[in-house]
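Below: my_file-v4.txt (compact mmCIF, C-alpha atoms)
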```
# COMPACT_ATOMS: atom_id res chain seq x y z
CA MET A 1 6.57 -10.11 28.10
CA ASP A 2 10.16 -10.12 26.90
CA ILE A 3 11.46 -8.02 24.05
CA ASN A 4 12.81 -11.13 22.31
CA ASP A 5 9.41 -12.87 22.23
CA ALA A 6 7.52 -13.26 18.99
CA ASP A 7 4.92 -10.71 17.99
CA SER A 8 2.76 -10.10 21.03
CA THR A 9 -0.11 -8.12 19.55
CA ASN A 10 -2.63 -10.94 19.88
CA GLY A 11 -5.60 -9.73 21.84
CA SER A 12 -9.08 -8.33 21.39
CA PRO A 13 -9.65 -6.96 17.89
CA ASP A 14 -9.87 -3.19 17.63
CA THR A 15 -13.49 -2.14 17.06
CA ILE A 16 -12.32 1.17 15.57
CA SER A 17 -9.03 0.74 13.77
CA PRO A 18 -6.23 3.00 15.06
CA PHE A 19 -4.84 2.94 11.51
CA VAL A 20 -7.91 4.81 10.27
CA GLU A 21 -8.94 7.00 13.23
CA PHE A 22 -6.72 8.74 15.76
CA LYS A 23 -7.22 7.93 19.43
CA PRO A 24 -5.78 10.37 22.00
CA SER A 25 -5.14 7.81 24.77
CA ILE A 26 -4.10 4.15 24.96
CA PRO A 27 -7.01 1.79 25.73
CA GLN A 28 -6.62 -1.49 27.56
CA ASN A 29 -5.61 -4.20 25.03
CA GLY A 30 -5.35 -1.48 22.41
CA LEU A 31 -2.44 -1.56 19.97
CA VAL A 32 0.53 0.64 20.89
CA LEU A 33 4.00 0.78 19.33
CA ALA A 34 6.78 0.97 21.92
CA TRP A 35 9.67 2.91 20.38
CA LEU A 36 12.92 1.56 21.84
CA THR A 37 15.56 2.75 19.37
CA ARG A 38 15.62 4.23 15.91
CA ASP A 39 15.56 0.73 14.39
CA ASN A 40 13.59 -1.14 17.04
CA THR A 41 9.85 -0.64 17.56
CA LYS A 42 7.84 -3.22 19.47
CA PRO A 43 4.05 -3.68 19.00
CA ILE A 44 2.24 -4.52 22.23
CA ARG A 45 -1.26 -4.61 23.70
CA PRO A 46 -1.11 -3.41 27.33
CA GLU A 47 -3.03 -5.41 29.90
CA PRO A 48 -2.92 -5.24 33.72
CA GLY A 49 -0.34 -7.49 35.35
CA SER A 50 1.99 -7.65 32.32
CA ALA A 51 5.22 -5.83 31.63
CA LEU A 52 7.63 -5.12 28.80
CA HIS A 53 11.20 -6.14 29.71
CA THR A 54 14.00 -4.59 27.67
CA ARG A 55 17.66 -3.71 28.07
CA PHE A 56 16.45 -0.19 28.96
CA GLY A 57 14.47 -1.48 31.93
CA SER A 58 11.06 -2.88 32.82
CA PHE A 59 7.86 -1.09 31.80
CA GLN A 60 4.56 -2.04 33.45
CA HIS A 61 1.54 -2.26 31.16
CA SER A 62 -0.69 -0.76 33.84
CA ARG A 63 1.23 2.53 33.51
CA MET A 64 0.60 2.56 29.74
CA ILE A 65 -3.18 2.16 29.94
CA SER A 66 -4.98 5.53 29.63
CA SER A 67 -1.67 7.32 28.92
CA LYS A 68 -1.55 9.72 26.00
CA TYR A 69 -0.05 8.46 22.77
CA GLY A 70 3.41 10.00 22.43
CA THR A 71 4.15 9.68 26.15
CA GLN A 72 7.76 9.15 27.22
CA LEU A 73 7.53 6.31 29.75
CA ALA A 74 10.38 5.95 32.27
CA SER A 75 11.53 2.53 33.42
CA SER A 76 10.16 1.22 36.71
CA SER A 77 13.44 -0.61 37.39
CA SER A 78 15.55 0.82 40.20
CA THR A 79 18.81 -0.19 38.49
CA GLN A 80 17.97 0.94 34.94
CA ALA A 81 17.01 4.52 34.15
CA GLY A 82 15.95 4.03 30.53
CA PHE A 83 12.74 5.12 28.80
CA ILE A 84 10.56 4.31 25.79
CA TYR A 85 8.02 6.24 23.71
CA LEU A 86 4.43 5.03 23.34
CA LEU A 87 3.49 5.81 19.74
CA HIS A 88 0.17 5.74 17.92
CA PRO A 89 0.01 3.04 15.19
CA THR A 90 0.50 4.22 11.62
CA PRO A 91 1.28 2.19 8.48
CA GLU A 92 4.75 3.75 8.39
CA LEU A 93 5.60 2.73 11.98
CA TRP A 94 3.91 -0.64 11.51
CA SER A 95 6.22 -1.44 8.57
CA MET A 96 9.16 -0.96 10.98
CA SER A 97 7.77 -3.27 13.67
CA LEU A 98 5.73 -5.97 11.93
CA PRO A 99 6.89 -9.62 11.77
CA HIS A 100 8.34 -10.04 8.28
CA ARG A 101 6.91 -13.00 6.39
CA THR A 102 8.18 -11.73 3.03
CA GLN A 103 9.95 -8.67 1.67
CA ILE A 104 7.78 -5.64 2.37
CA VAL A 105 7.01 -2.37 0.60
CA TYR A 106 8.69 0.36 2.64
CA THR A 107 7.36 3.88 3.08
CA PRO A 108 9.37 5.59 0.26
CA ASP A 109 7.95 3.15 -2.30
CA ALA A 110 4.49 2.97 -0.70
CA SER A 111 3.93 6.74 -0.68
CA TYR A 112 5.05 7.07 -4.30
CA ILE A 113 2.81 4.20 -5.47
CA VAL A 114 -0.27 5.61 -3.70
CA GLN A 115 0.34 8.99 -5.30
CA ARG A 116 0.91 7.59 -8.81
CA LEU A 117 -2.19 5.39 -8.64
CA ARG A 118 -4.18 8.40 -7.37
CA ILE A 119 -5.67 6.41 -4.51
CA ARG A 120 -7.84 8.52 -2.21
CA PRO A 121 -10.73 8.10 0.26
CA GLY A 122 -13.43 6.05 -1.46
CA SER A 123 -11.10 4.35 -3.96
CA ARG A 124 -11.52 0.68 -4.80
CA VAL A 125 -8.15 -1.09 -4.96
CA ILE A 126 -6.95 -4.59 -5.87
CA GLU A 127 -3.69 -5.84 -4.34
CA ALA A 128 -2.20 -9.16 -5.43
CA GLY A 129 0.60 -10.47 -3.20
CA THR A 130 -0.42 -9.61 0.36
CA GLY A 131 2.81 -10.93 1.90
CA SER A 132 3.36 -9.30 5.30
CA ALA A 133 0.42 -6.90 4.72
CA SER A 134 2.62 -3.83 5.17
CA PHE A 135 1.34 -2.07 2.06
CA THR A 136 -2.19 -3.32 2.79
CA HIS A 137 -2.26 -1.15 5.91
CA ALA A 138 -1.17 1.89 3.90
CA LEU A 139 -3.90 1.25 1.32
CA ALA A 140 -6.56 0.80 4.02
CA ARG A 141 -5.59 4.07 5.69
CA THR A 142 -5.77 5.91 2.33
CA VAL A 143 -9.13 4.57 1.05
CA ALA A 144 -10.64 5.06 4.55
CA LYS A 145 -14.08 3.85 5.56
CA THR A 146 -15.73 4.71 2.25
CA GLY A 147 -13.24 2.71 0.15
CA ARG A 148 -12.43 -0.94 -0.30
CA VAL A 149 -9.24 -3.00 -0.68
CA TRP A 150 -9.27 -6.56 -2.02
CA THR A 151 -5.99 -8.32 -1.32
CA PHE A 152 -5.02 -11.75 -2.68
CA GLU A 153 -2.36 -14.18 -1.38
CA PHE A 154 -1.66 -17.60 -2.89
CA HIS A 155 0.43 -18.90 0.07
CA GLU A 156 -2.10 -20.20 2.59
CA PRO A 157 -0.07 -19.81 5.85
CA ARG A 158 0.75 -16.19 4.92
CA PHE A 159 -2.88 -15.62 3.97
CA GLN A 160 -4.10 -16.90 7.35
CA MET A 161 -1.64 -14.73 9.29
CA ALA A 162 -2.42 -11.62 7.24
CA LYS A 163 -6.18 -12.19 7.59
CA LYS A 164 -5.92 -12.49 11.38
CA GLU A 165 -3.71 -9.39 11.54
CA ILE A 166 -6.22 -7.37 9.50
CA GLU A 167 -9.06 -8.51 11.78
CA ASP A 168 -7.09 -7.75 14.97
CA HIS A 169 -6.38 -4.24 13.73
CA GLY A 170 -10.05 -3.57 12.95
CA LEU A 171 -9.47 -3.23 9.21
CA ASP A 172 -11.70 -6.13 8.09
CA GLY A 173 -14.48 -3.66 7.28
CA ILE A 174 -12.24 -2.09 4.65
CA VAL A 175 -9.88 -4.90 3.59
CA LYS A 176 -11.13 -8.22 2.20
CA CYS A 177 -8.48 -10.96 2.20
CA SER A 178 -8.74 -13.80 -0.30
CA HIS A 179 -6.69 -16.95 -0.83
CA GLY A 180 -5.98 -17.98 -4.40
CA ASP A 181 -3.66 -17.94 -7.39
CA VAL A 182 -4.65 -14.90 -9.43
CA CYS A 183 -2.19 -15.79 -12.19
CA LYS A 184 -4.02 -19.03 -12.86
CA ASN A 185 -7.60 -18.50 -11.68
CA GLY A 186 -8.04 -14.74 -11.87
CA PHE A 187 -9.27 -12.32 -9.23
CA ILE A 188 -12.04 -14.23 -7.44
CA PRO A 189 -12.75 -12.57 -4.07
CA ALA A 190 -13.73 -14.57 -1.01
CA CYS A 191 -16.76 -12.29 -0.58
CA ASP A 192 -19.66 -11.92 -2.98
CA GLU A 193 -18.86 -8.41 -4.20
CA THR A 194 -18.44 -6.58 -7.47
CA LEU A 195 -14.90 -5.28 -7.46
CA ASP A 196 -15.13 -2.47 -10.04
CA ALA A 197 -11.57 -1.41 -9.08
CA SER A 198 -9.83 1.73 -10.34
CA ALA A 199 -6.33 1.01 -8.95
CA ILE A 200 -4.29 -2.20 -9.22
CA PHE A 201 -1.09 -3.18 -7.41
CA LEU A 202 0.64 -6.43 -8.41
CA ASP A 203 3.53 -7.73 -6.30
CA LEU A 204 3.85 -11.10 -8.05
CA PRO A 205 6.67 -13.20 -9.50
CA SER A 206 4.82 -13.30 -12.87
CA PRO A 207 2.52 -10.28 -13.11
CA TRP A 208 2.15 -10.75 -16.88
CA LEU A 209 0.06 -13.87 -16.19
CA ALA A 210 -2.39 -11.95 -13.96
CA ILE A 211 -2.83 -8.88 -16.19
CA PRO A 212 -5.17 -10.55 -18.76
CA HIS A 213 -7.62 -11.43 -15.92
CA LEU A 214 -8.00 -7.80 -14.82
CA LYS A 215 -10.56 -6.68 -17.42
CA LYS A 216 -13.23 -8.75 -15.67
CA VAL A 217 -12.86 -6.93 -12.34
CA ILE A 218 -11.84 -3.35 -13.15
CA SER A 219 -14.07 -0.32 -13.67
CA LYS A 220 -15.52 0.15 -17.16
CA ASN A 221 -16.34 3.85 -16.83
CA LYS A 222 -13.19 5.18 -15.10
CA ILE A 223 -9.51 5.44 -15.85
CA VAL A 224 -7.83 2.43 -14.24
CA ARG A 225 -4.20 2.69 -13.11
CA ILE A 226 -1.81 -0.17 -12.43
CA CYS A 227 1.57 -0.64 -10.73
CA CYS A 228 3.65 -3.81 -11.03
CA PHE A 229 6.38 -4.37 -8.45
CA SER A 230 9.24 -6.43 -9.97
CA PRO A 231 12.84 -6.96 -8.77
CA CYS A 232 14.27 -8.08 -12.16
CA MET A 233 14.49 -6.25 -15.47
CA GLU A 234 13.42 -9.42 -17.32
CA GLN A 235 10.16 -9.34 -15.36
CA VAL A 236 9.69 -5.70 -16.30
CA GLN A 237 10.18 -6.47 -20.00
CA ARG A 238 7.60 -9.28 -20.03
CA THR A 239 5.17 -7.15 -18.02
CA ILE A 240 5.46 -4.28 -20.50
CA GLU A 241 4.87 -6.62 -23.44
CA THR A 242 1.66 -7.91 -21.85
CA LEU A 243 0.46 -4.42 -20.90
CA GLN A 244 0.90 -3.26 -24.49
CA LYS A 245 -0.92 -6.31 -25.79
CA GLU A 246 -3.86 -5.71 -23.41
CA GLY A 247 -4.23 -2.07 -24.44
CA TRP A 248 -2.68 -0.27 -21.43
CA LEU A 249 -1.21 3.15 -22.20
CA ASP A 250 1.53 5.52 -21.01
CA ILE A 251 3.69 2.65 -19.73
CA GLU A 252 6.58 3.85 -17.55
CA MET A 253 9.18 2.11 -15.40
CA VAL A 254 10.46 3.89 -12.27
CA GLU A 255 13.10 3.03 -9.67
CA VAL A 256 12.81 4.83 -6.33
CA SER A 257 16.09 5.84 -4.65
CA CYS A 258 15.40 7.90 -1.54
CA LYS A 259 17.91 9.83 0.57
CA ARG A 260 17.56 12.01 3.64
CA TRP A 261 19.21 15.43 3.64
CA GLU A 262 20.34 16.94 6.92
CA ALA A 263 20.31 20.73 7.28
CA ARG A 264 22.67 22.21 9.87
CA LYS A 265 24.99 25.16 10.60
CA GLU A 266 28.74 25.17 10.10
CA MET A 267 31.17 27.64 11.62
CA ILE A 268 32.87 30.03 9.18
CA ARG A 269 36.67 29.94 9.50
CA LYS A 270 38.39 32.83 7.75
CA PRO A 271 42.06 32.70 6.60
CA GLU A 272 42.93 35.82 8.59
CA ASP A 273 41.63 34.10 11.75
CA ALA A 274 43.87 31.11 11.03
CA ILE A 275 46.91 33.37 10.51
CA GLU A 276 46.21 35.30 13.70
CA ARG A 277 45.76 32.02 15.57
CA LEU A 278 49.23 30.82 14.41
CA ARG A 279 50.80 34.14 15.41
CA ASP A 280 49.20 33.88 18.84
CA ILE A 281 50.51 30.34 19.29
CA LYS A 282 54.04 31.50 18.41
CA ARG A 283 53.74 34.50 20.73
CA ARG A 284 52.66 32.32 23.66
CA ARG A 285 55.47 29.87 22.86
CA ASN A 286 58.05 32.65 22.95
CA GLU A 287 56.61 33.94 26.22
CA GLY A 288 57.00 30.47 27.65
CA LEU A 289 60.60 30.25 26.46
CA LYS A 290 61.32 33.68 27.92
CA LYS A 291 59.97 32.65 31.30
CA ARG A 292 62.01 29.44 31.17
CA ASN A 293 65.22 31.41 30.37
CA GLU A 294 64.50 33.87 33.19
CA ARG A 295 64.05 30.96 35.56
CA LYS A 296 67.36 29.41 34.43
CA LEU A 297 69.15 32.78 34.77
CA ALA A 298 67.77 33.16 38.28
CA GLU A 299 69.08 29.69 39.14
CA ILE A 300 72.55 30.60 37.80
CA GLN A 301 72.61 33.86 39.73
CA ASN A 302 71.60 32.00 42.87
CA ASP A 303 74.45 29.55 42.34
CA GLU A 304 76.87 32.50 41.99
CA THR A 305 75.65 34.03 45.22
CA VAL A 306 76.15 30.76 47.08
CA SER A 307 79.61 30.32 45.55
CA GLU A 308 80.70 33.83 46.55
CA ALA A 309 79.52 33.28 50.10
CA GLN A 310 81.55 30.07 50.38
CA GLU A 311 84.66 31.77 48.89
CA SER A 312 84.51 34.64 51.34
CA GLU A 313 84.54 32.19 54.20
CA GLU A 314 87.24 29.81 52.94
CA GLY A 315 89.31 32.05 50.72
CA MET A 316 89.33 32.06 46.91
CA ASP A 317 91.51 29.51 45.10
CA THR A 318 92.16 28.87 41.38
CA GLY A 319 89.40 26.25 41.04
CA SER A 320 86.77 28.59 42.52
CA MET A 321 87.73 31.32 40.13
CA ALA A 322 87.35 28.94 37.16
CA ALA A 323 83.90 27.82 38.38
CA LYS A 324 82.82 31.41 38.80
CA SER A 325 84.01 32.20 35.29
CA ARG A 326 81.98 29.26 33.85
CA LEU A 327 78.80 30.40 35.66
CA LYS A 328 79.25 33.90 34.32
CA ARG A 329 79.67 32.71 30.71
CA LYS A 330 76.59 30.46 31.04
CA ALA A 331 74.49 33.33 32.35
CA GLU A 332 75.64 35.56 29.48
CA ALA A 333 74.70 32.84 26.94
CA VAL A 334 71.21 32.39 28.39
CA SER A 335 70.66 36.17 28.43
CA ALA A 336 71.81 36.50 24.79
CA ALA A 337 69.49 33.67 23.64
CA ALA A 338 66.52 35.29 25.35
CA THR A 339 67.32 38.63 23.67
CA GLU A 340 67.52 37.01 20.21
CA GLU A 341 64.17 35.21 20.64
CA GLU A 342 62.50 38.41 21.79
CA GLU A 343 63.83 40.36 18.79
CA ALA A 344 62.71 37.59 16.36
CA THR A 345 59.11 37.67 17.61
CA PRO A 346 56.88 39.64 15.17
CA PRO A 347 54.54 42.22 16.64
CA THR A 348 51.20 40.64 17.47
CA GLU A 349 48.20 42.15 15.75
CA LYS A 350 45.32 43.40 17.83
CA TYR A 351 42.82 40.77 18.94
CA ILE A 352 39.40 40.69 17.23
CA LEU A 353 37.21 41.72 20.14
CA ASP A 354 33.93 40.19 18.88
CA LYS A 355 35.29 36.62 19.37
CA PRO A 356 34.58 34.99 22.76
CA PHE A 357 38.08 33.71 23.62
CA LEU A 358 40.08 33.62 26.82
CA PRO A 359 42.23 36.73 27.55
CA SER A 360 45.42 34.64 27.52
CA GLU A 361 44.93 33.32 23.99
CA TYR A 362 43.40 34.10 20.63
CA ASN A 363 40.77 31.39 20.01
CA PRO A 364 38.34 32.47 17.27
CA TRP A 365 36.65 29.02 16.87
CA GLY A 366 36.26 27.98 20.50
CA LYS A 367 38.77 25.14 20.29
CA GLY A 368 38.78 23.14 23.50
CA LYS A 369 35.40 24.56 24.57
CA ARG A 370 31.87 23.22 24.14
CA VAL A 371 30.43 25.44 21.39
CA HIS A 372 26.78 24.83 20.52
CA GLU A 373 25.58 25.02 16.95
CA GLY A 374 24.45 28.55 16.14
CA GLU A 375 25.91 30.00 19.37
CA ALA A 376 26.19 33.78 19.45
CA GLY A 377 29.66 35.29 19.03
CA TYR A 378 30.67 33.07 16.10
CA GLU A 379 29.95 33.29 12.41
CA TRP A 380 27.81 30.47 10.95
CA LYS A 381 26.52 29.38 7.54
CA ASP A 382 23.70 27.01 6.60
CA VAL A 383 24.85 23.76 4.93
CA SER A 384 23.21 20.48 3.97
CA LYS A 385 24.61 16.99 4.28
CA VAL A 386 23.36 13.84 2.58
CA GLU A 387 22.85 10.76 4.73
CA ALA A 388 22.71 7.11 3.74
CA GLU A 389 19.88 5.93 1.49
CA LEU A 390 16.58 5.28 3.21
CA LYS A 391 15.51 1.69 3.52
CA SER A 392 13.39 0.63 0.56
CA HIS A 393 12.78 -2.51 -1.44
CA THR A 394 15.09 -2.73 -4.45
CA SER A 395 12.46 -3.25 -7.15
CA TYR A 396 11.29 -1.60 -10.32
CA LEU A 397 7.84 -0.01 -10.48
CA THR A 398 6.00 -0.29 -13.79
CA PHE A 399 3.06 2.09 -14.18
CA ALA A 400 0.35 2.28 -16.84
CA TYR A 401 -3.30 3.25 -17.23
CA LEU A 402 -6.29 1.89 -19.11
CA PRO A 403 -8.83 4.43 -20.42
CA PRO A 404 -12.56 3.72 -20.07
CA SER A 405 -14.30 2.08 -22.99
CA PHE A 406 -17.04 3.89 -24.96
CA PRO A 407 -19.23 1.19 -26.60
CA GLY A 408 -21.48 3.69 -28.40
CA LYS A 409 -18.53 5.55 -29.89
CA ASP A 410 -16.84 2.33 -30.94
CA GLU A 411 -20.02 1.18 -32.71
CA GLN A 412 -20.22 4.50 -34.58
CA LEU A 413 -16.63 4.18 -35.74
CA THR A 414 -17.29 0.60 -36.88
CA SER A 415 -20.41 1.59 -38.88
CA LYS A 416 -18.50 4.39 -40.63
```

Output the structure of this file as structure tokens.
Amino acid sequence: MDINDADSTNGSPDTISPFVEFKPSIPQNGLVLAWLTRDNTKPIRPEPGSALHTRFGSFQHSRMISSKYGTQLASSSSTQAGFIYLLHPTPELWSMSLPHRTQIVYTPDASYIVQRLRIRPGSRVIEAGTGSASFTHALARTVAKTGRVWTFEFHEPRFQMAKKEIEDHGLDGIVKCSHGDVCKNGFIPACDETLDASAIFLDLPSPWLAIPHLKKVISKNKIVRICCFSPCMEQVQRTIETLQKEGWLDIEMVEVSCKRWEARKEMIRKPEDAIERLRDIKRRRNEGLKKRNERKLAEIQNDETVSEAQESEEGMDTGSMAAKSRLKRKAEAVSAAATEEEEATPPTEKYILDKPFLPSEYNPWGKGKRVHEGEAGYEWKDVSKVEAELKSHTSYLTFAYLPPSFPGKDEQLTSK
């Protein structure tokens, strides 16, 4: 199997859905999500004789079978030393790896919707607009075995693919997929069941056309909550008008904008450390200049010694005396410059002994060394840094609720 192939999760349906119950180890032909990179997760069903080929190496399916979920699997290729993680399926990870047939509801929106609709184990939920079935998996996990999800899709090819996916993942005991146009024909399930739903999610181009059909399929003795998922403000306006007309209350529009905050440590850099660092740099510069001048002076003195030796052998003439005079003046100039630089150097303050720096320099921040975050010997402070926005679908969420009806009380009010 190649990483660039289409979705390769076709295989034996899961008898117990991994999206509902946790399994400690990977069964043969069981669904596993191979984590390749932060943005690349591949769904596979391991079977003997097959392999996953990626740019990180080749990974034999036989090594995956019976391994623990969460295992880091090293490549079996001799030339590539990469690895992957074998992760347990969850709705959140599935939304990152599923084949997109439409725009999907990402985790930031999905978690907020489930919380606002108060969906819990045993809830009965209607979803209109199955699409890629990303949110359907999240609903199925939340309602669990005691709940029920009825999902409707008007596009037949998408309906067929979503239905097969639900069956392959072992969720068909919880999720009932139906094909039909709820805006035109209402919520008619493919199975002969009474819906009696208490939570509604509409991801439709025209949710205001489907809302009037809901009273036939929602619970009469419970508070019913609804969420409409609309990308345009004009859709939101028409949806709100219809909700008000149909008696829904506490109507609210929400836009989810999610960001991740990174907490880390940052080194404290005091002004006095910076000043001392500059003084140390100047001190070491002057020491270098002093050594250079001493070296030049030694060279001049050596030249004088050689010149005197030659003069004693050949006899001193006028030209030799002039050369000797020039060497002497040059040596005096170098010596005077070194003296001036030494006098201009300010006294260096004492080093701060609790900083781990080399003896030859004052280095309070470990410049040029590999300093690990929070390393002892340095001063640190806790800071936070905002990252880019998390991936979510850019849509508006319109929430409302419908209180239960009380026929006896209404009759009493009418008689009065």

Can you work out the spacing between CA of Cys228 in chain A and CA of Leu397 in chain A in Å, to one decimal? 5.7 Å

Taking all atoms listed in the file into account, name the residue in A:Ile218, A:Val175, A:Ala110, A:Ile84 that is nearest to Ser17 in chain A.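 Of A:Ile218, A:Val175, A:Ala110, A:Ile84, the one nearest Ser17 in chain A, counting all atoms listed in the file, is A:Val175.
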
3 Å per side around range 81-96 of chain A: axis-aligned box centre and edge lengths, as AutoDock Vina command-line options:
```
--center_x 8.5 --center_y 2.4 --center_z 21.3 --size_x 23.0 --size_y 13.7 --size_z 31.8
```

With a distance cut-off of 12 Å and all atoms listed in the file, select the neighbouring residues of Gln235 in chain A, excluding the residue or stretch itself and same-chain residues fewer than 6 positions from it, and output the selection as number ranges by chain. A: 203-209, 228-229, 241-242, 253, 395-398

Would you save the residues of that selection, restricted to C-alpha atoms, as a compact mmCIF listing (two decimals), keeping the file's coordinate frame?
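And here is the file that came out, selection_12.txt:
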```txt
# COMPACT_ATOMS: atom_id res chain seq x y z
CA ASP A 203 3.53 -7.73 -6.30
CA LEU A 204 3.85 -11.10 -8.05
CA PRO A 205 6.67 -13.20 -9.50
CA SER A 206 4.82 -13.30 -12.87
CA PRO A 207 2.52 -10.28 -13.11
CA TRP A 208 2.15 -10.75 -16.88
CA LEU A 209 0.06 -13.87 -16.19
CA CYS A 228 3.65 -3.81 -11.03
CA PHE A 229 6.38 -4.37 -8.45
CA GLU A 241 4.87 -6.62 -23.44
CA THR A 242 1.66 -7.91 -21.85
CA MET A 253 9.18 2.11 -15.40
CA SER A 395 12.46 -3.25 -7.15
CA TYR A 396 11.29 -1.60 -10.32
CA LEU A 397 7.84 -0.01 -10.48
CA THR A 398 6.00 -0.29 -13.79
```

Between CA of Lys23 in chain A and CA of Lys68 in chain A, measure the distance and give it in Å to one decimal.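 Interatomic distance, CA of Lys23 in chain A to CA of Lys68 in chain A: 8.9 Å.
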
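Interatomic distance, CA of Asp192 in chain A against CA of Val125 in chain A: 15.9 Å.
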
Tell me which protein, DNA and RNA residues are within 6 Å of Leu402 in chain A, counting only C-alpha atoms, leaving out same-chain ones fewer than 4 positions away, and put them as a PDB file with C-alpha atoms, keeping the file's coordinate frame.
```pdb
ATOM      1  CA  ILE A 223      -9.510   5.440 -15.850  1.00  0.00           C
ATOM      2  CA  VAL A 224      -7.830   2.430 -14.240  1.00  0.00           C
ATOM      3  CA  TRP A 248      -2.680  -0.270 -21.430  1.00  0.00           C
TER       4      TRP A 248
END
```

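Using all atoms listed in the file, the shortest contact distance between Val32 in chain A and any of A:Thr146, A:Gln160, A:Ser198, A:Thr90 is found at A:Thr90.
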
So that I can check the surroundings of Lys42 in chain A, please list as a VMD selection string every protein, DNA and RNA residue that reaches within 7 Å of it, counting only C-alpha atoms and ignoring chain neighbours fewer than 4 positions away. chain A and resid 33 to 35 97

Show me, as an NGL selection string, the residues that have an atom within 7 Å of Pro27 in chain A when counting only C-alpha atoms, minus same-chain residues fewer than 2 positions from it. :A and (25 or 29-30 or 65-66)

I'd like to know which of A:Ala51, A:Leu98, A:Ile226, A:Leu87 is closest to Glu127 in chain A, using all atoms listed in the file.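 Of the candidates, the smallest distance to Glu127 in chain A is held by A:Ile226.
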
Using all atoms listed in the file, which of the listed residues (A:Gly147, A:Gly374, A:Pro189, A:Pro89) sits closest to Arg264 in chain A?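 Once distances to Arg264 in chain A are computed over all atoms listed in the file, the minimum belongs to A:Gly374.
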
Taking only C-alpha atoms into account, which of A:His213, A:Arg116, A:Lys381, A:Arg101 comes nearest Met161 in chain A? A:Arg101
